[in-house]
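Enquirer: One structure is given below, represented as structure tokens, and several questions about it will come after.
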Amino acid sequence: ILLPQAFGPFSDEDLKQKMKVILEESDLVFARDSVSKSHLMGLGNYASIHEAPDFTNLVSGISPEKDFSKKIGIIPNQKMTETGEEDAEKMYLDYLRKTIELLQDKGEIPFFLIHESAHDAQIAEAINSVLKNPIEVLMQQNPLKVKGIIGNSKAVITSRFHGLVSALCQSVPCLSTGWSHKYQELLADYEYSNALCEVKNDSDYLNEKLAIILDAESRETVKNSLQKNAAIQKKKSVDMWGRVLDEIQS
């Protein structure tokens with residue numbers, strides 16, 4: 001049984017053959033999104049293939065001891081600098097720097113939330129070194145505490161997939177960059193595709209995106225929509241576990 005994850009694209013012939021063996025030997029395979037499912041179905045019409053969301057949407061976070069309700073979490077991701085595009089690293093750092101500066105100009109309190117990679121912390125350090133007013137860097141290894149911090153935050157700007165999942169399933173207004181199709185598909189599942197950001201430092205563009213999570217009326221609309229869609233996605237995860245248990249017991 002392969003629990004929900006992103007798959008593909010399968011461009012390498014050797015990888016295709018190995019994935020076919022996995023599919024042939026699997027009783028259940030859950031693709032996390034429709035694009036991943038289509039990549040799998042392109043290898044063969046296997047009855048074992050299904051679609052289900054990331055199941056961490058059912059997991060509750062640990063409430064933080066500090067109050068983050070007036071703060072905006074910034075979650076970087078080293079993979080955004082490994083896309084193969086020319087000057088990708090500089091573009092990404094400029095995007096984060098400019099976003100933080102705009103938040104500070106608006107009187108907001110951004111902070112870095114680091115929880116998956118030492119390289120992510122290096123990104124935070126690099127940006128703080130060029131900011132006029134460096135921001136707090138919070139290192140947290142416990143994923144349940146990370147989820148609690150995200151759930152308590154005013155908003156989140158993330159490049160980490162599970163940071164995005166944690167924000168969406170807790171109805172926290174958020175923005176995201178992404179390095180694969182899984183980000184676009186996840187946001188689409190929550191009817192929130194306009195939260196996906198391009199990596200650029202254009203002030204007008206970034207202010208337009210920031211208004212989605214900062215404007216009072218927009219925030220309320222976003223929260224209500226996310227709450228509705230979070231219930232739908234959680235029901236799909238419950239159904240997925242039911243199918244898994246049925247398979248194990250059969």
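Naming scheme: A, B, ... for chains in displayed order of the structure tokens; residues 1 onward per chain; ligands 1 onward as shown.
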Counting only C-alpha atoms, give me one row per residue of range 163-237 of chain A with an atom at most 12 Å from an atom of range 103-107 of chain A, showing the shortest contact pair and its distance in Å to one decimal, sorted by chain then residue number, as a Markdown table.
Expert:
```
| residue | atom | partner | partner_atom | distance |
| --- | --- | --- | --- | --- |
| A:Ser203 | CA | A:Leu103 | CA | 11.2 |
| A:Leu206 | CA | A:Leu103 | CA | 10.0 |
| A:Asn207 | CA | A:Leu103 | CA | 9.0 |
| A:Lys209 | CA | A:Leu103 | CA | 11.5 |
| A:Leu210 | CA | A:Leu103 | CA | 8.2 |
| A:Ala211 | CA | A:Leu103 | CA | 10.5 |
| A:Ile213 | CA | A:Leu103 | CA | 11.1 |
| A:Leu214 | CA | A:Leu103 | CA | 9.4 |
| A:Asp215 | CA | A:Lys106 | CA | 11.3 |
```
Enquirer: Residues near Asn229 in chain A, anyone? I mean within 10 Å using only C-alpha atoms, not counting same-chain ones fewer than 4 positions away, as a list of chain:residue names.
Expert: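 My reading of the contact set: A:Leu168, A:Cys169, A:Ser171, A:Asp189, A:Tyr190, A:Glu191, A:Tyr192, A:Lys223, A:Asn224, A:Ser225, A:Gln233, A:Lys234, A:Lys235.
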Enquirer: Hey, could you make a per-residue contact list for range 88-148 of chain A against range 57-67 of chain A with 10 Å as the cut-off, showing the nearest pair of atoms and its distance in Å to one decimal, counting only C-alpha atoms, sorted by chain and number, as CSV?
Expert:
```
residue,atom,partner,partner_atom,distance
A:Asn142,CA,A:Ile62,CA,9.3
A:Pro143,CA,A:Gly61,CA,7.9
A:Leu144,CA,A:Gly61,CA,4.5
A:Lys145,CA,A:Ile62,CA,4.8
A:Val146,CA,A:Gly61,CA,7.2
A:Lys147,CA,A:Gly61,CA,4.7
A:Gly148,CA,A:Gly61,CA,4.2
```
Enquirer: For the residues in that selection, give me C-alpha atoms as a short mmCIF file (atom, residue, chain, number, x, y, z; two decimals), in the first residue's frame.
Expert:
```cif
data_model
loop_
_atom_site.label_atom_id
_atom_site.label_comp_id
_atom_site.auth_asym_id
_atom_site.auth_seq_id
_atom_site.Cartn_x
_atom_site.Cartn_y
_atom_site.Cartn_z
CA ASN A 142 8.80 18.88 16.13
CA PRO A 143 6.29 18.84 13.25
CA LEU A 144 3.33 18.93 15.65
CA LYS A 145 4.68 22.11 17.24
CA VAL A 146 5.29 23.56 13.78
CA LYS A 147 1.67 22.86 12.90
CA GLY A 148 0.55 24.49 16.13
#
```
Enquirer: I want to know what sits within 9 Å of Arg32 in chain A, based on only C-alpha atoms, with residues of the same chain fewer than 3 positions away left out; could you give that as a PyMOL selection string?
Expert: chain A and resi 3-7+35-37+50-54+182+185-186
Enquirer: May I ask which of the residues A:Glu198, A:Phe30, A:Glu89, A:Gly73 is the closest one to Asp239 in chain A, counting only C-alpha atoms?
Expert: A:Phe30
